[in-house]
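Working notes for the structure below.
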Amino acid sequence: MKNIGFIGMGNMGSGILKGLLKHRFDPAALLFTDVSPERCEIVTAETGVESVSSNAACAAAVSYLVLAIKPQYYETVLEEICQELTHDPVIISIAPGKTIAYLKEMLGHERRIVRAMPNTPALLGEGMTGVCFDPKEFSEEERNLIAQFFQSFGRMEIVDESLMDAVVCASGSSPAYVYMMIEALADSAVKCGLSRNQAYKMVAQTVLGSARMVLETGMHPGELKDMVCSPGGTTIAAVEALEQWGFRNSLMKATEACFQRCKSI
């Protein structure tokens with residue numbers, strides 16, 4: 001029996017798979033399937049990981065089953081695999097809006113479910129994943145493997161399931177806002193005379209470095225902001241303009257919209 005299997009090899013599924021391989025998970029212990037045979041051939045050629053032709057075959061062959069599919073396909077896939085889970089695998093779900101209670105209702109209340117919300121920086125091993133599960137349902141060895149799994153493509157935080165919609169707001173959807181900020185800031189730098197290539201590099205590296213300052217210094221973001229804002233200087237003038245045009249309020253309104261959409265899925 002294989003150790004970890006994936007249903008779905010889109011961007012997130014393939015990104016997580018490659019993260020596992022970088023952290024010395026044995027390709028022979030991994031398995032996947034995808035609706036596209038062409039996609040299966042490409043991923044196997046890139047990774048050396050074997051594929052199977054159906055969701056049911058994948059579910060029957062692994063100890064940990066990762067559901068790397070979009071929420072709208074869950075009902076169909078769960079119906080396909082339900083009868084194949086006779087060996088009690090750990091189910092890892094990475095879709096927004098699909099609760100542990102929903103998965104247990106579809107697959108059986110005895111099923112052991114890990115619910116998680118990763119984000120797209122996982123594709124580069126810099127993901128942030130909120131994870132929830134009932135630790136009483138898992139052995140210490142299983143809990144350790146779950147941690148290794150999520151840490152193979154970034155950082156993880158254990159949260160209560162009631163906070164999973166907030167995780168979508170904090171890290172699941174928010175990369176899109178960061179990309180929009182990078183694009184807008186680079187456009188403004190181009191207006192000031194930088195080449196577009198230079199602008200994107202300088203802005204993106206600044207975002208990367210600023211994020212590391214928050215994570216590695218442990219300082220409050222406001223304190224780090226104040227360190228850049230010299231009295232009467234250029235930065236505080238820019239910060240005043242951001243406040244005037246509702247920068248923080250825009251982000252908070254975006255988060256509210258994201259949160260409400262999570263509730264409706």
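Each chain of the structure tokens is named A, B, ... in the order shown, its residues numbered from 1; ligands are numbered from 1 in display order.
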
### Query
Within 12 Å of Pro89 in chain A, counting only C-alpha atoms, which residues qualify if same-chain residues fewer than 6 places away don't, as a PyMOL selection string?
chain A and resi 1-5+58-66+81-82+107+110-114+137-138+142

### All helix (DSSP H, G or I) positions in range 123-176 of chain A, as a ChimeraX atom specification
/A:123-124,135-137,140-151,161-172,175-176

Would you give me, as JSON lines, each residue of range 131-183 of chain A having an atom within 12 Å of an atom of range 242-252 of chain A, along with its shortest atom pair and that distance in Å to one decimal, using only C-alpha atoms and sorting by chain and residue number?
```
{"residue": "A:Cys169", "atom": "CA", "partner": "A:Met252", "partner_atom": "CA", "distance": 9.8}
{"residue": "A:Ala170", "atom": "CA", "partner": "A:Met252", "partner_atom": "CA", "distance": 10.7}
{"residue": "A:Ser173", "atom": "CA", "partner": "A:Leu251", "partner_atom": "CA", "distance": 11.7}
{"residue": "A:Ser174", "atom": "CA", "partner": "A:Leu251", "partner_atom": "CA", "distance": 9.3}
{"residue": "A:Ala176", "atom": "CA", "partner": "A:Leu251", "partner_atom": "CA", "distance": 11.5}
{"residue": "A:Tyr177", "atom": "CA", "partner": "A:Leu251", "partner_atom": "CA", "distance": 8.1}
{"residue": "A:Val178", "atom": "CA", "partner": "A:Leu251", "partner_atom": "CA", "distance": 10.3}
{"residue": "A:Met180", "atom": "CA", "partner": "A:Leu251", "partner_atom": "CA", "distance": 11.5}
{"residue": "A:Met181", "atom": "CA", "partner": "A:Phe247", "partner_atom": "CA", "distance": 10.4}
```

Closest atom pairs, residues of range 124-190 of chain A within 7 Å of range 12-30 of chain A, only C-alpha atoms, as a Markdown table:
```
| residue | atom | partner | partner_atom | distance |
| --- | --- | --- | --- | --- |
| A:Gly125 | CA | A:Gly19 | CA | 6.2 |
| A:Phe149 | CA | A:Leu20 | CA | 6.8 |
| A:Ser152 | CA | A:Gly19 | CA | 5.2 |
| A:Phe153 | CA | A:Gly19 | CA | 4.9 |
```

### Query
From the set A:Asn11, A:Ser171, A:Ser210, A:Gln72, which residue has the shortest atom-to-atom contact distance to Lys225 in chain A, counting only C-alpha atoms?
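Distance minimum relative to Lys225 in chain A lands on A:Ser210.
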
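The strand (DSSP E) portion of range 120-211 of chain A consists of Gly127, Met128, Thr129, Gly130, Val131, Cys132, Gly154, Arg155, Met156, Glu157 and Ile158 of chain A, with states taken from DSSP on the backbone.
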
### Query
What's the 10 Å shell around Asp160 in chain A, counting only C-alpha atoms, without same-chain residues fewer than 6 positions away, as a list in words?
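Result of the neighbour search: Gly130, Val131, Cys132, Phe133 and Asp134 of chain A.
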
Selection export as a PDB file, in the first residue's frame, atoms kept: all heavy atoms:
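Result file part.pdb:
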```
ATOM      1  N   GLY A 130      -3.551  26.781   7.370  1.00  0.00           N
ATOM      2  CA  GLY A 130      -4.293  26.571   8.609  1.00  0.00           C
ATOM      3  C   GLY A 130      -4.824  25.152   8.619  1.00  0.00           C
ATOM      4  O   GLY A 130      -5.373  24.679   7.616  1.00  0.00           O
ATOM      5  N   VAL A 131      -4.663  24.452   9.749  1.00  0.00           N
ATOM      6  CA  VAL A 131      -4.990  23.026   9.833  1.00  0.00           C
ATOM      7  C   VAL A 131      -5.838  22.778  11.073  1.00  0.00           C
ATOM      8  O   VAL A 131      -5.558  23.319  12.153  1.00  0.00           O
ATOM      9  CB  VAL A 131      -3.709  22.166   9.922  1.00  0.00           C
ATOM     10  CG1 VAL A 131      -4.052  20.680   9.976  1.00  0.00           C
ATOM     11  CG2 VAL A 131      -2.785  22.456   8.744  1.00  0.00           C
ATOM     12  N   CYS A 132      -6.860  21.955  10.932  1.00  0.00           N
ATOM     13  CA  CYS A 132      -7.643  21.557  12.104  1.00  0.00           C
ATOM     14  C   CYS A 132      -7.987  20.070  12.014  1.00  0.00           C
ATOM     15  O   CYS A 132      -8.222  19.521  10.936  1.00  0.00           O
ATOM     16  CB  CYS A 132      -8.914  22.391  12.243  1.00  0.00           C
ATOM     17  SG  CYS A 132     -10.099  22.220  10.900  1.00  0.00           S
ATOM     18  N   PHE A 133      -7.969  19.420  13.157  1.00  0.00           N
ATOM     19  CA  PHE A 133      -8.380  18.022  13.286  1.00  0.00           C
ATOM     20  C   PHE A 133      -8.508  17.719  14.773  1.00  0.00           C
ATOM     21  O   PHE A 133      -8.061  18.491  15.624  1.00  0.00           O
ATOM     22  CB  PHE A 133      -7.373  17.072  12.623  1.00  0.00           C
ATOM     23  CG  PHE A 133      -5.968  17.157  13.156  1.00  0.00           C
ATOM     24  CD1 PHE A 133      -5.556  16.386  14.233  1.00  0.00           C
ATOM     25  CD2 PHE A 133      -5.033  18.009  12.571  1.00  0.00           C
ATOM     26  CE1 PHE A 133      -4.256  16.457  14.727  1.00  0.00           C
ATOM     27  CE2 PHE A 133      -3.739  18.091  13.049  1.00  0.00           C
ATOM     28  CZ  PHE A 133      -3.348  17.313  14.126  1.00  0.00           C
ATOM     29  N   ASP A 134      -9.136  16.595  15.083  1.00  0.00           N
ATOM     30  CA  ASP A 134      -9.285  16.159  16.464  1.00  0.00           C
ATOM     31  C   ASP A 134      -8.088  15.286  16.810  1.00  0.00           C
ATOM     32  O   ASP A 134      -7.993  14.150  16.334  1.00  0.00           O
ATOM     33  CB  ASP A 134     -10.581  15.370  16.631  1.00  0.00           C
ATOM     34  CG  ASP A 134     -10.840  14.958  18.077  1.00  0.00           C
ATOM     35  OD1 ASP A 134      -9.930  15.110  18.924  1.00  0.00           O
ATOM     36  OD2 ASP A 134     -11.957  14.483  18.367  1.00  0.00           O
TER      37      ASP A 134
END
```

## Note on the structure
Among A:Asn197, A:Thr99, A:Asn55, A:Gln148, Glu79 in chain A is approached most closely, using only C-alpha atoms, by A:Asn55
